[in-house]
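One file, input.cif, is given below (mmCIF, C-alpha atoms).
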data_coords
#
loop_
_atom_site.label_atom_id
_atom_site.label_comp_id
_atom_site.auth_asym_id
_atom_site.auth_seq_id
_atom_site.Cartn_x
_atom_site.Cartn_y
_atom_site.Cartn_z
CA MET A 1 -7.73 -1.49 13.70
CA ASP A 2 -6.93 2.23 13.45
CA GLN A 3 -5.29 2.14 16.87
CA LEU A 4 -2.88 -0.58 15.81
CA VAL A 5 -1.48 0.97 12.63
CA PRO A 6 1.47 3.38 12.82
CA GLU A 7 1.01 7.07 12.18
CA VAL A 8 2.48 7.36 8.69
CA TYR A 9 1.20 8.76 5.40
CA VAL A 10 0.27 6.48 2.52
CA PRO A 11 1.38 7.92 -0.86
CA LEU A 12 -0.49 7.70 -4.17
CA LEU A 13 0.63 9.33 -7.41
CA LEU A 14 -1.58 9.64 -10.52
CA PHE A 15 0.00 10.79 -13.82
CA TYR A 16 -1.99 12.53 -16.57
CA PRO A 17 0.63 13.34 -19.25
CA ASN A 18 -1.72 14.82 -21.85
CA PRO A 19 -1.66 18.63 -22.01
CA THR A 20 -4.00 20.23 -19.52
CA THR A 21 -4.71 23.70 -18.12
CA HIS A 22 -4.43 25.25 -14.70
CA GLU A 23 -8.20 25.72 -14.67
CA LYS A 24 -8.40 22.02 -13.89
CA SER A 25 -6.76 22.78 -10.55
CA SER A 26 -9.85 24.76 -9.62
CA ILE A 27 -12.02 21.78 -10.53
CA LEU A 28 -9.92 19.53 -8.34
CA LYS A 29 -9.99 21.93 -5.41
CA THR A 30 -13.75 22.54 -5.55
CA SER A 31 -14.58 18.86 -5.97
CA LEU A 32 -12.19 17.90 -3.17
CA SER A 33 -13.98 20.27 -0.83
CA GLU A 34 -17.33 18.71 -1.73
CA THR A 35 -15.95 15.18 -1.44
CA LEU A 36 -14.70 15.88 2.08
CA THR A 37 -18.29 16.46 3.23
CA HIS A 38 -18.83 12.74 2.58
CA PHE A 39 -15.41 11.70 3.95
CA TYR A 40 -15.63 14.07 6.88
CA PRO A 41 -13.08 12.28 9.17
CA LEU A 42 -10.38 13.07 6.60
CA ALA A 43 -10.98 16.76 7.31
CA GLY A 44 -10.60 16.29 11.06
CA LYS A 45 -7.78 15.77 13.54
CA PHE A 46 -6.41 12.53 14.96
CA GLN A 47 -6.17 12.62 18.74
CA TYR A 48 -5.14 10.38 21.65
CA ASN A 49 -4.92 7.27 19.41
CA ASP A 50 -8.61 6.58 19.94
CA SER A 51 -10.62 9.10 17.94
CA ILE A 52 -10.84 11.66 15.16
CA CYS A 53 -12.09 15.11 16.09
CA CYS A 54 -14.39 15.94 13.14
CA ASP A 55 -14.03 19.72 13.34
CA ASP A 56 -13.94 20.53 9.59
CA HIS A 57 -10.28 21.42 9.94
CA GLY A 58 -9.93 20.61 6.25
CA ALA A 59 -7.30 19.11 3.97
CA ALA A 60 -4.17 20.65 2.48
CA PHE A 61 -4.21 21.49 -1.25
CA VAL A 62 -0.97 22.58 -2.91
CA GLU A 63 -0.12 23.55 -6.50
CA ALA A 64 3.41 23.04 -7.76
CA ARG A 65 5.25 23.68 -11.01
CA VAL A 66 7.82 21.10 -12.11
CA ASN A 67 10.64 22.41 -14.29
CA CYS A 68 10.74 19.52 -16.74
CA ARG A 69 8.48 17.59 -19.08
CA VAL A 70 6.47 14.70 -17.69
CA SER A 71 8.24 12.41 -20.16
CA LYS A 72 11.50 12.93 -18.25
CA ILE A 73 9.89 11.41 -15.16
CA LEU A 74 8.23 8.53 -16.99
CA GLU A 75 11.35 7.62 -18.98
CA ASN A 76 13.20 6.95 -15.73
CA PRO A 77 10.68 6.84 -12.85
CA ASP A 78 13.17 6.91 -10.01
CA ALA A 79 11.38 6.36 -6.70
CA GLU A 80 13.57 8.85 -4.85
CA MET A 81 12.73 11.55 -7.40
CA LEU A 82 9.00 10.75 -7.21
CA LYS A 83 9.00 11.58 -3.51
CA HIS A 84 9.57 15.25 -4.38
CA LEU A 85 6.16 15.40 -6.06
CA PHE A 86 4.38 14.78 -2.74
CA PRO A 87 3.34 17.41 -0.19
CA ALA A 88 4.67 15.35 2.74
CA ALA A 89 7.08 12.53 3.50
CA PHE A 90 5.45 9.20 4.31
CA GLU A 91 7.08 9.12 7.76
CA SER A 92 5.51 12.48 8.69
CA THR A 93 2.97 12.82 11.46
CA GLN A 94 -0.12 14.99 11.73
CA ALA A 95 1.79 17.17 14.20
CA LEU A 96 4.20 18.03 11.37
CA THR A 97 1.79 18.28 8.42
CA GLY A 98 -1.26 19.71 10.20
CA HIS A 99 -3.67 17.53 8.19
CA LEU A 100 -4.79 13.94 7.75
CA LEU A 101 -5.12 14.41 3.98
CA LEU A 102 -2.76 16.37 1.74
CA VAL A 103 -2.95 16.81 -2.04
CA GLN A 104 -0.34 18.30 -4.35
CA VAL A 105 -1.17 19.00 -8.01
CA ASN A 106 2.05 19.07 -10.04
CA PHE A 107 2.05 20.87 -13.41
CA PHE A 108 4.85 20.02 -15.85
CA GLU A 109 6.31 22.26 -18.56
CA CYS A 110 4.62 20.21 -21.28
CA GLY A 111 1.18 20.69 -19.73
CA GLY A 112 1.05 17.24 -18.13
CA MET A 113 -0.14 16.79 -14.59
CA ALA A 114 0.56 14.50 -11.62
CA ILE A 115 -1.77 14.40 -8.64
CA ALA A 116 -0.02 13.32 -5.45
CA ILE A 117 -2.05 12.24 -2.43
CA ASN A 118 -0.83 11.69 1.14
CA ILE A 119 -3.43 10.15 3.45
CA SER A 120 -2.85 9.22 7.07
CA HIS A 121 -2.79 5.47 7.65
CA LYS A 122 -4.63 6.18 10.91
CA VAL A 123 -7.83 6.80 8.95
CA ALA A 124 -7.41 4.84 5.73
CA ASP A 125 -6.27 1.56 4.25
CA ALA A 126 -5.92 0.86 0.50
CA PHE A 127 -9.65 0.15 0.11
CA THR A 128 -10.56 3.47 1.73
CA LEU A 129 -8.01 5.37 -0.37
CA SER A 130 -9.36 3.71 -3.52
CA THR A 131 -12.94 4.57 -2.59
CA PHE A 132 -11.99 8.15 -1.82
CA THR A 133 -10.24 8.72 -5.19
CA LYS A 134 -13.16 7.10 -7.05
CA ILE A 135 -15.74 9.33 -5.35
CA TRP A 136 -13.58 12.45 -5.74
CA ALA A 137 -13.33 11.78 -9.49
CA ARG A 138 -17.11 11.27 -9.74
CA VAL A 139 -17.76 14.56 -7.94
CA ALA A 140 -15.31 16.35 -10.28
CA GLN A 141 -17.38 15.13 -13.25
CA GLY A 142 -20.64 16.24 -11.65
CA HIS A 143 -21.95 12.74 -10.91
CA PRO A 144 -24.00 12.00 -7.78
CA VAL A 145 -22.19 10.46 -4.84
CA LEU A 146 -23.17 6.88 -4.05
CA LEU A 147 -21.75 6.24 -0.59
CA PRO A 148 -23.43 4.04 2.06
CA ALA A 149 -24.61 5.94 5.09
CA ASP A 150 -22.30 5.91 8.11
CA SER A 151 -19.47 4.27 6.15
CA PHE A 152 -16.94 5.33 8.78
CA GLY A 153 -19.09 4.81 11.86
CA ALA A 154 -19.94 1.17 11.15
CA LEU A 155 -16.51 -0.07 12.23
CA THR A 156 -16.69 1.96 15.43
CA TYR A 157 -19.86 0.10 16.43
CA LEU A 158 -18.41 -3.31 15.58
CA TYR A 159 -14.92 -2.66 16.93
CA PRO A 160 -15.03 0.23 19.44
CA PRO A 161 -11.71 1.75 20.52
CA GLN A 162 -10.00 -0.13 23.35
CA ASP A 163 -8.42 1.56 26.35
CA PHE A 164 -5.64 -1.03 26.56
CA LEU A 165 -4.56 -0.06 23.02
CA ASN A 166 -4.23 3.57 24.04
CA ALA A 167 -0.55 3.33 24.88
CA SER A 168 1.60 6.38 24.38
CA LYS A 169 4.01 4.28 22.32
CA PRO A 170 2.53 2.71 19.15
CA LEU A 171 2.27 -1.05 19.20
CA ALA A 172 3.59 -1.17 15.65
CA GLU A 173 6.47 1.04 14.54
CA TYR A 174 8.63 1.23 11.44
CA THR A 175 12.36 1.44 11.89
CA GLN A 176 14.30 3.95 9.85
CA GLU A 177 17.59 2.58 8.50
CA GLN A 178 19.70 3.11 5.40
CA CYS A 179 17.32 1.55 2.92
CA MET A 180 16.94 1.63 -0.85
CA ILE A 181 13.71 1.37 -2.85
CA ARG A 182 13.65 -0.14 -6.34
CA ARG A 183 10.85 -0.72 -8.87
CA PHE A 184 10.59 -4.03 -10.70
CA VAL A 185 8.04 -4.72 -13.44
CA PHE A 186 6.71 -8.21 -14.25
CA ASP A 187 4.90 -8.33 -17.59
CA ALA A 188 2.02 -10.75 -18.21
CA SER A 189 4.03 -13.29 -20.24
CA ARG A 190 6.74 -13.55 -17.58
CA ILE A 191 4.16 -13.90 -14.83
CA ALA A 192 2.57 -16.76 -16.78
CA ALA A 193 6.00 -18.43 -17.07
CA LEU A 194 6.55 -17.90 -13.35
CA GLN A 195 3.18 -19.46 -12.55
CA PHE A 196 4.09 -22.51 -14.64
CA LYS A 197 7.42 -22.83 -12.80
CA ALA A 198 5.84 -22.40 -9.36
CA ALA A 199 3.01 -24.92 -9.88
CA SER A 200 3.24 -28.13 -7.88
CA ALA A 201 1.09 -30.99 -6.61
CA SER A 202 0.30 -28.84 -3.55
CA VAL A 203 -0.66 -25.76 -5.57
CA THR A 204 -1.60 -26.56 -9.16
CA ASN A 205 -2.90 -23.07 -9.96
CA PRO A 206 -0.79 -20.43 -8.21
CA THR A 207 -2.07 -16.86 -8.50
CA ARG A 208 -0.17 -13.88 -9.88
CA ILE A 209 0.25 -12.46 -6.39
CA GLU A 210 1.45 -15.75 -4.91
CA VAL A 211 4.21 -16.29 -7.45
CA VAL A 212 5.47 -12.69 -7.56
CA SER A 213 5.42 -12.44 -3.76
CA ALA A 214 7.20 -15.77 -3.38
CA LEU A 215 9.93 -14.88 -5.88
CA ILE A 216 10.61 -11.51 -4.24
CA TRP A 217 10.66 -13.09 -0.77
CA LYS A 218 13.02 -15.84 -1.97
CA CYS A 219 15.46 -13.38 -3.50
CA ALA A 220 15.31 -11.09 -0.45
CA MET A 221 16.09 -14.04 1.84
CA GLU A 222 19.03 -15.03 -0.33
CA ALA A 223 20.42 -11.48 -0.20
CA SER A 224 20.08 -11.29 3.57
CA ARG A 225 21.66 -14.70 4.10
CA SER A 226 24.52 -13.80 1.78
CA ASN A 227 25.31 -10.67 3.77
CA SER A 228 24.88 -12.24 7.19
CA GLY A 229 26.84 -15.35 6.28
CA SER A 230 24.26 -17.58 7.96
CA ILE A 231 20.95 -19.27 7.28
CA ARG A 232 18.32 -17.12 8.93
CA PRO A 233 14.67 -17.95 9.59
CA SER A 234 12.31 -15.60 7.78
CA VAL A 235 8.73 -14.42 8.11
CA CYS A 236 6.65 -12.70 5.43
CA SER A 237 3.38 -11.04 6.47
CA GLN A 238 0.56 -10.19 4.06
CA PRO A 239 -2.35 -7.87 4.89
CA VAL A 240 -5.83 -9.16 4.06
CA ASN A 241 -8.90 -7.03 3.37
CA MET A 242 -11.42 -8.21 5.98
CA ARG A 243 -14.51 -6.61 4.48
CA LYS A 244 -15.68 -9.82 2.81
CA ARG A 245 -14.12 -12.18 5.35
CA SER A 246 -15.30 -10.89 8.71
CA GLY A 247 -18.62 -12.73 8.92
CA LYS A 248 -20.18 -9.41 9.92
CA PRO A 249 -23.18 -7.91 8.13
CA PHE A 250 -23.06 -4.62 6.22
CA VAL A 251 -19.27 -4.20 6.28
CA GLU A 252 -18.33 -4.82 2.65
CA ASN A 253 -17.97 -1.07 2.00
CA VAL A 254 -16.95 0.30 5.40
CA LEU A 255 -14.20 2.91 5.46
CA GLY A 256 -11.19 3.25 7.72
CA ASN A 257 -8.74 0.42 8.42
CA PHE A 258 -10.29 -3.03 8.14
CA VAL A 259 -7.38 -5.35 7.42
CA TRP A 260 -5.61 -8.13 9.25
CA PHE A 261 -2.66 -10.25 8.19
CA PHE A 262 -1.27 -13.73 7.97
CA LYS A 263 2.35 -14.71 8.48
CA ALA A 264 4.29 -17.21 6.39
CA ILE A 265 7.42 -18.53 8.10
CA THR A 266 10.33 -20.56 6.78
CA VAL A 267 13.31 -21.84 8.75
CA GLU A 268 14.75 -24.16 6.11
CA GLY A 269 18.21 -23.82 4.64
CA GLU A 270 17.50 -23.89 0.93
CA VAL A 271 14.08 -22.62 -0.17
CA ASP A 272 12.56 -23.09 -3.59
CA LEU A 273 9.78 -21.20 -5.32
CA GLN A 274 7.27 -24.04 -5.21
CA SER A 275 7.61 -24.53 -1.46
CA LEU A 276 7.21 -20.80 -0.74
CA VAL A 277 4.07 -20.63 -2.90
CA ALA A 278 2.70 -23.67 -1.06
CA THR A 279 3.50 -21.98 2.27
CA PHE A 280 1.60 -18.85 1.23
CA ARG A 281 -1.40 -20.91 0.08
CA LYS A 282 -1.58 -22.95 3.30
CA CYS A 283 -1.23 -19.85 5.49
CA MET A 284 -4.05 -18.17 3.59
CA GLU A 285 -6.29 -21.22 3.93
CA ASP A 286 -5.55 -21.39 7.67
CA PHE A 287 -6.29 -17.68 7.93
CA LYS A 288 -9.72 -18.16 6.36
CA VAL A 289 -10.55 -20.81 8.96
CA ASN A 290 -9.11 -19.02 11.99
CA TYR A 291 -10.67 -15.65 11.17
CA ARG A 292 -13.91 -16.69 9.49
CA ASN A 293 -15.78 -14.62 12.10
CA GLY A 294 -13.42 -11.65 11.95
CA VAL A 295 -10.86 -10.56 14.53
CA SER A 296 -11.54 -9.15 17.98
CA ALA A 297 -9.53 -6.39 19.63
CA GLU A 298 -8.19 -8.94 22.13
CA GLN A 299 -7.10 -11.26 19.28
CA ALA A 300 -5.44 -8.35 17.51
CA TYR A 301 -3.57 -7.23 20.60
CA GLN A 302 -2.43 -10.78 21.41
CA THR A 303 -1.26 -11.33 17.84
CA ILE A 304 0.72 -8.09 17.89
CA LYS A 305 2.44 -9.13 21.12
CA GLU A 306 3.25 -12.58 19.74
CA SER A 307 4.56 -11.04 16.54
CA ALA A 308 6.77 -8.64 18.51
CA LYS A 309 8.27 -11.56 20.43
CA LEU A 310 8.85 -13.45 17.19
CA LEU A 311 10.60 -10.52 15.55
CA GLU A 312 12.77 -9.91 18.62
CA LYS A 313 14.42 -13.29 18.09
CA GLU A 314 18.00 -12.76 17.03
CA GLY A 315 18.59 -13.57 13.39
CA MET A 316 14.95 -13.45 12.30
CA ASP A 317 14.29 -11.57 9.05
CA SER A 318 10.85 -9.99 8.73
CA TYR A 319 9.19 -8.87 5.49
CA THR A 320 5.77 -7.54 4.55
CA CYS A 321 4.15 -7.89 1.14
CA THR A 322 1.15 -5.67 0.41
CA SER A 323 -0.88 -6.03 -2.78
CA TRP A 324 -2.84 -3.13 -4.28
CA CYS A 325 -3.60 -5.15 -7.39
CA ARG A 326 -7.21 -5.02 -8.61
CA PHE A 327 -7.92 -1.77 -6.78
CA PRO A 328 -9.32 0.53 -9.51
CA PHE A 329 -6.78 3.35 -9.26
CA TYR A 330 -6.38 3.35 -13.04
CA GLU A 331 -10.07 4.24 -13.37
CA THR A 332 -9.59 7.61 -11.65
CA ASN A 333 -10.99 9.98 -14.28
CA PHE A 334 -11.55 13.57 -13.17
CA GLY A 335 -12.89 14.53 -16.57
CA TRP A 336 -9.75 14.55 -18.71
CA GLY A 337 -9.11 10.85 -19.08
CA LYS A 338 -7.73 8.03 -16.98
CA PRO A 339 -4.21 8.16 -15.53
CA SER A 340 -1.45 6.82 -17.75
CA TRP A 341 0.53 5.63 -14.75
CA VAL A 342 -0.13 5.12 -11.04
CA SER A 343 2.63 4.78 -8.47
CA THR A 344 3.11 4.40 -4.71
CA PRO A 345 6.80 4.98 -3.86
CA TYR A 346 6.31 3.75 -0.31
CA ALA A 347 9.76 3.16 1.23
CA LEU A 348 9.59 1.04 4.36
CA LYS A 349 12.29 -1.42 5.38
CA ASN A 350 11.74 -4.97 4.05
CA LYS A 351 8.44 -3.99 2.46
CA PHE A 352 7.16 -5.13 -0.95
CA TYR A 353 4.32 -3.19 -2.59
CA LEU A 354 2.57 -4.76 -5.58
CA MET A 355 0.44 -2.73 -8.00
CA ASP A 356 -1.15 -3.39 -11.36
CA ALA A 357 0.96 -2.24 -14.30
CA ASN A 358 -0.70 0.30 -16.55
CA ASP A 359 -1.62 -2.38 -19.10
CA GLY A 360 -3.80 -4.08 -16.49
CA ASN A 361 -2.01 -7.43 -16.87
CA GLY A 362 1.48 -6.99 -15.47
CA ILE A 363 2.56 -6.20 -11.91
CA GLU A 364 4.84 -3.44 -10.63
CA ALA A 365 6.69 -4.23 -7.42
CA TYR A 366 8.23 -1.58 -5.18
CA VAL A 367 10.83 -3.29 -3.02
CA THR A 368 12.61 -1.61 -0.10
CA LEU A 369 15.59 -3.33 1.52
CA LEU A 370 18.73 -2.40 3.40
CA GLU A 371 21.26 -0.96 0.95
CA GLU A 372 23.61 -3.93 1.31
CA ASP A 373 20.76 -6.37 0.69
CA MET A 374 19.46 -4.43 -2.32
CA ALA A 375 22.92 -4.56 -3.93
CA ILE A 376 22.62 -8.36 -4.08
CA PHE A 377 18.85 -8.52 -4.60
CA GLY A 378 18.91 -6.19 -7.62
CA SER A 379 21.42 -8.38 -9.47
CA ASN A 380 19.73 -11.71 -8.73
CA GLN A 381 19.57 -13.48 -12.08
CA GLU A 382 16.50 -15.54 -11.19
CA LEU A 383 14.63 -12.32 -10.35
CA LEU A 384 15.81 -10.53 -13.50
CA ALA A 385 14.71 -13.49 -15.63
CA TYR A 386 11.12 -12.55 -14.78
CA ALA A 387 11.26 -8.84 -13.91
CA SER A 388 12.66 -5.68 -15.50
CA LEU A 389 14.43 -3.18 -13.27
CA ASN A 390 12.74 0.22 -13.51
CA PRO A 391 11.79 0.25 -17.22
CA SER A 392 10.36 3.36 -18.84
CA VAL A 393 6.60 3.85 -18.52
CA VAL A 394 4.84 3.34 -21.84
CA TYR A 395 1.91 5.72 -22.23
#
As C-alpha cells, please, write out the structure in this file.
Amino acid sequence: MDQLVPEVYVPLLLFYPNPTTHEKSSILKTSLSETLTHFYPLAGKFQYNDSICCDDHGAAFVEARVNCRVSKILENPDAEMLKHLFPAAFESTQALTGHLLLVQVNFFECGGMAIAINISHKVADAFTLSTFTKIWARVAQGHPVLLPADSFGALTYLYPPQDFLNASKPLAEYTQEQCMIRRFVFDASRIAALQFKAASASVTNPTRIEVVSALIWKCAMEASRSNSGSIRPSVCSQPVNMRKRSGKPFVENVLGNFVWFFKAITVEGEVDLQSLVATFRKCMEDFKVNYRNGVSAEQAYQTIKESAKLLEKEGMDSYTCTSWCRFPFYETNFGWGKPSWVSTPYALKNKFYLMDANDGNGIEAYVTLLEEDMAIFGSNQELLAYASLNPSVVY
C-alpha cells in the first residue's frame, strides 16, 4: 500500500485560540520526542520505495510567530493563507524537507496557537495520522501510551513490499495545474434536507457522506461539462479504510497505509442527485463483496493499471472524494483544551476532502478544481442552497 501512494505530505491544522504561553511549546517538543519512540518509522528515512530506514533521524519541529490575532484567520479562513502556517508544502518530497514528519507551532499576537502537521503519505493514511495525534496528546498530558505491539510491522508481514512495484516512476502521480481550493460548509439541518431530497426507492436512507459527496460530484461535473461544451463521462473514486474489511486478523489498529478505493462511474447526459447516491451505494456494496478478504499486491497493481487506462481516455473527468469524518481530530487535547477548529487545506486537482465541522454535526468540504471549473462550481445555486462558501469559524 505504501509503495502505491505518491510521495506527498498530508496537512493537518489544529487551532487553539485561547491565550496560551510559549512554555507549552516545550511541552509539545518533549512529548513529540517521546511519542516518536512509539512511532519510530516517522523518525526515519524513506528509501527506494520499499522501506523506511529507522535510524532515529528525527522529526522537524519549528516555532513561528504570526503577526495577527487568531480571530483574523478564523473570520476568513482562506485556504491559500492557511498554507503559510505549515512547515512544508504538500507537494514537497523528503529530499526537499529532510523529514517524514514536520511540525510547526504558530503563536498569534493574542496568545492563540495553531499546530500544523505535515506527515508523509508514504508512511501514514488518515487513520495513522489520527492515531499519532491522539497518542501525542496523551503523552503531553502524562498518560500512559496504549499502542499495540508491532503496529507498523503487522502490515509488512501481511503485505510485504513487491519488487514489481519498485519502479523509479510512481504508479500514482498528482498533476499540478492552475487549480483553486475552496471551503464549503454544510450544517446539520441542510444535510438533513439534502438526505431527504436524495432518498429514493434504491437508497431510502442515504448517509451524510453519500449525499454531500454526490452533490459535490454533480456540481463539479456540470462545471466541467459547461466549460468543455460536451457531455463527458466521469469517475469518482473514494478511499476505504481496510482495517475492518480485510478479513485479516489483528489488523484493526495497524499503522501505515491500509486503504483501497472504489470507483463510481457515470456516462449519462443528465445526472440527478438520487441516481448518483444510488451509484455510490451500489459501488460500495460491490466493493464489500469483491474485497471481503482484503486486496493482494497483484490485485492492487492490476487495478492501478486499469485505472490508468481508464483515465487516459480522452474526455474522461476523474475526481476523488476522501472523508475524514468521524476521525477524532477534535479530541486532540494536549492539556489546554480541545481544538476549536481543525482544517486540512489539501489542494489536489479534482479532489474533495470532507471533515467534521467543529460542532460535530456539520461537514466541511475542501474542493479543489481547475480555476475555470471553480468559477462555475462556486456559483452553482443548487450547491449554495445546501452549503455556505467559506463562512467564519464560530469558536
Residues of region 54-77 of chain A that approach region 36-40 of chain A to 12 Å or less, counting all atoms listed in the file: could you list each one with the shortest pair of atoms and its distance in Å to one decimal, rows by chain and increasing residue number, as JSON lines?
{"residue": "A:Cys54", "atom": "CA", "partner": "A:Tyr40", "partner_atom": "CA", "distance": 6.6}
{"residue": "A:Asp55", "atom": "CA", "partner": "A:Tyr40", "partner_atom": "CA", "distance": 8.7}
{"residue": "A:Asp56", "atom": "CA", "partner": "A:Tyr40", "partner_atom": "CA", "distance": 7.2}
{"residue": "A:His57", "atom": "CA", "partner": "A:Tyr40", "partner_atom": "CA", "distance": 9.6}
{"residue": "A:Gly58", "atom": "CA", "partner": "A:Leu36", "partner_atom": "CA", "distance": 7.9}
{"residue": "A:Ala59", "atom": "CA", "partner": "A:Leu36", "partner_atom": "CA", "distance": 8.3}
{"residue": "A:Ala60", "atom": "CA", "partner": "A:Leu36", "partner_atom": "CA", "distance": 11.6}
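Closest to Leu4 (chain A) among A:Tyr330, A:Phe352, A:Tyr291, A:Phe258 is A:Phe258, based on all atoms listed in the file.
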For CA of Ala387 (chain A) and CA of Thr266 (chain A), quote the distance in Å rounded to one decimal. 23.8 Å
Write out as a PyMOL selection string which residues come within 12 Å of Leu215 (chain A) when counting only C-alpha atoms, dropping same-chain ones fewer than 5 positions away. chain A and resi 184+186+191+194-195+197-198+208-210+220-222+236+271-277+280+321+352+365+367+377+380-387
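Going from CA of Thr344 (chain A) over to CA of Val10 (chain A), you cover 8.0 Å.
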Smallest atom-to-atom distance to Leu129 (chain A): which of A:Ala114, A:Leu12, A:Cys179, A:Ile27, using all atoms listed in the file? A:Leu12
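Counting only C-alpha atoms, the residue from A:Ile181, A:Val66, A:Leu354, A:Ala347 that sits nearest to His84 (chain A) is A:Val66.
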Given the file shown, determine the residues that the PyMOL selection byres ((chain A and resi 99) around 9) selects; report them as a PDB file with C-alpha atoms, in the frame of the given file.
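Wrote result34.pdb, looks like this:
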ATOM      1  CA  LEU A  42     -10.380  13.070   6.600  1.00  0.00           C
ATOM      2  CA  ALA A  43     -10.980  16.760   7.310  1.00  0.00           C
ATOM      3  CA  GLY A  44     -10.600  16.290  11.060  1.00  0.00           C
ATOM      4  CA  LYS A  45      -7.780  15.770  13.540  1.00  0.00           C
ATOM      5  CA  PHE A  46      -6.410  12.530  14.960  1.00  0.00           C
ATOM      6  CA  HIS A  57     -10.280  21.420   9.940  1.00  0.00           C
ATOM      7  CA  GLY A  58      -9.930  20.610   6.250  1.00  0.00           C
ATOM      8  CA  ALA A  59      -7.300  19.110   3.970  1.00  0.00           C
ATOM      9  CA  ALA A  60      -4.170  20.650   2.480  1.00  0.00           C
ATOM     10  CA  THR A  93       2.970  12.820  11.460  1.00  0.00           C
ATOM     11  CA  GLN A  94      -0.120  14.990  11.730  1.00  0.00           C
ATOM     12  CA  ALA A  95       1.790  17.170  14.200  1.00  0.00           C
ATOM     13  CA  LEU A  96       4.200  18.030  11.370  1.00  0.00           C
ATOM     14  CA  THR A  97       1.790  18.280   8.420  1.00  0.00           C
ATOM     15  CA  GLY A  98      -1.260  19.710  10.200  1.00  0.00           C
ATOM     16  CA  LEU A 100      -4.790  13.940   7.750  1.00  0.00           C
ATOM     17  CA  LEU A 101      -5.120  14.410   3.980  1.00  0.00           C
ATOM     18  CA  LEU A 102      -2.760  16.370   1.740  1.00  0.00           C
ATOM     19  CA  ILE A 119      -3.430  10.150   3.450  1.00  0.00           C
ATOM     20  CA  SER A 120      -2.850   9.220   7.070  1.00  0.00           C
TER      21      SER A 120
END
Result set, the PyMOL selection byres ((chain A and resi 366) around 12) on current file, as a CSV table (one decimal) with C-alpha atoms, keeping the file's coordinate frame:
chain,number,residue,atom,x,y,z
A,77,PRO,CA,10.7,6.8,-12.8
A,78,ASP,CA,13.2,6.9,-10.0
A,79,ALA,CA,11.4,6.4,-6.7
A,80,GLU,CA,13.6,8.8,-4.8
A,180,MET,CA,16.9,1.6,-0.8
A,181,ILE,CA,13.7,1.4,-2.8
A,182,ARG,CA,13.6,-0.1,-6.3
A,183,ARG,CA,10.8,-0.7,-8.9
A,184,PHE,CA,10.6,-4.0,-10.7
A,185,VAL,CA,8.0,-4.7,-13.4
A,186,PHE,CA,6.7,-8.2,-14.2
A,212,VAL,CA,5.5,-12.7,-7.6
A,213,SER,CA,5.4,-12.4,-3.8
A,216,ILE,CA,10.6,-11.5,-4.2
A,320,THR,CA,5.8,-7.5,4.6
A,321,CYS,CA,4.2,-7.9,1.1
A,322,THR,CA,1.2,-5.7,0.4
A,323,SER,CA,-0.9,-6.0,-2.8
A,324,TRP,CA,-2.8,-3.1,-4.3
A,343,SER,CA,2.6,4.8,-8.5
A,344,THR,CA,3.1,4.4,-4.7
A,345,PRO,CA,6.8,5.0,-3.9
A,346,TYR,CA,6.3,3.8,-0.3
A,347,ALA,CA,9.8,3.2,1.2
A,348,LEU,CA,9.6,1.0,4.4
A,349,LYS,CA,12.3,-1.4,5.4
A,350,ASN,CA,11.7,-5.0,4.0
A,351,LYS,CA,8.4,-4.0,2.5
A,352,PHE,CA,7.2,-5.1,-1.0
A,353,TYR,CA,4.3,-3.2,-2.6
A,354,LEU,CA,2.6,-4.8,-5.6
A,355,MET,CA,0.4,-2.7,-8.0
A,356,ASP,CA,-1.2,-3.4,-11.4
A,357,ALA,CA,1.0,-2.2,-14.3
A,363,ILE,CA,2.6,-6.2,-11.9
A,364,GLU,CA,4.8,-3.4,-10.6
A,365,ALA,CA,6.7,-4.2,-7.4
A,367,VAL,CA,10.8,-3.3,-3.0
A,368,THR,CA,12.6,-1.6,-0.1
A,369,LEU,CA,15.6,-3.3,1.5
A,374,MET,CA,19.5,-4.4,-2.3
A,378,GLY,CA,18.9,-6.2,-7.6
A,387,ALA,CA,11.3,-8.8,-13.9
A,388,SER,CA,12.7,-5.7,-15.5
A,389,LEU,CA,14.4,-3.2,-13.3
A,390,ASN,CA,12.7,0.2,-13.5
Spatial sel., origin (-2.1, 5.8, -14.3), limit 12 Å, all atoms listed in the file, listed as a PyMOL selection string: chain A and resi 12-18+74+113-116+328-333+337-344+355-360+393-395
Go ahead and dump the residues you just picked, C-alpha atoms, as a CSV table (one decimal), in the coordinates of the input.
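Final file, part_19.csv:
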chain,number,residue,atom,x,y,z
A,12,LEU,CA,-0.5,7.7,-4.2
A,13,LEU,CA,0.6,9.3,-7.4
A,14,LEU,CA,-1.6,9.6,-10.5
A,15,PHE,CA,0.0,10.8,-13.8
A,16,TYR,CA,-2.0,12.5,-16.6
A,17,PRO,CA,0.6,13.3,-19.2
A,18,ASN,CA,-1.7,14.8,-21.8
A,74,LEU,CA,8.2,8.5,-17.0
A,113,MET,CA,-0.1,16.8,-14.6
A,114,ALA,CA,0.6,14.5,-11.6
A,115,ILE,CA,-1.8,14.4,-8.6
A,116,ALA,CA,0.0,13.3,-5.4
A,328,PRO,CA,-9.3,0.5,-9.5
A,329,PHE,CA,-6.8,3.4,-9.3
A,330,TYR,CA,-6.4,3.4,-13.0
A,331,GLU,CA,-10.1,4.2,-13.4
A,332,THR,CA,-9.6,7.6,-11.6
A,333,ASN,CA,-11.0,10.0,-14.3
A,337,GLY,CA,-9.1,10.8,-19.1
A,338,LYS,CA,-7.7,8.0,-17.0
A,339,PRO,CA,-4.2,8.2,-15.5
A,340,SER,CA,-1.4,6.8,-17.8
A,341,TRP,CA,0.5,5.6,-14.8
A,342,VAL,CA,-0.1,5.1,-11.0
A,343,SER,CA,2.6,4.8,-8.5
A,344,THR,CA,3.1,4.4,-4.7
A,355,MET,CA,0.4,-2.7,-8.0
A,356,ASP,CA,-1.2,-3.4,-11.4
A,357,ALA,CA,1.0,-2.2,-14.3
A,358,ASN,CA,-0.7,0.3,-16.6
A,359,ASP,CA,-1.6,-2.4,-19.1
A,360,GLY,CA,-3.8,-4.1,-16.5
A,393,VAL,CA,6.6,3.8,-18.5
A,394,VAL,CA,4.8,3.3,-21.8
A,395,TYR,CA,1.9,5.7,-22.2
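When the PyMOL selection byres ((chain A and resi 159) around 12) is evaluated on the file shown here, the picked residues come out as Met1, Asp2, Gln3, Asp50, Phe152, Gly153, Ala154, Leu155, Thr156, Tyr157, Leu158, Pro160, Pro161, Gln162, Ser246, Lys248, Val251, Gly256, Asn257, Phe258, Gly294, Val295, Ser296, Ala297, Glu298, Gln299 and Ala300 of chain A.
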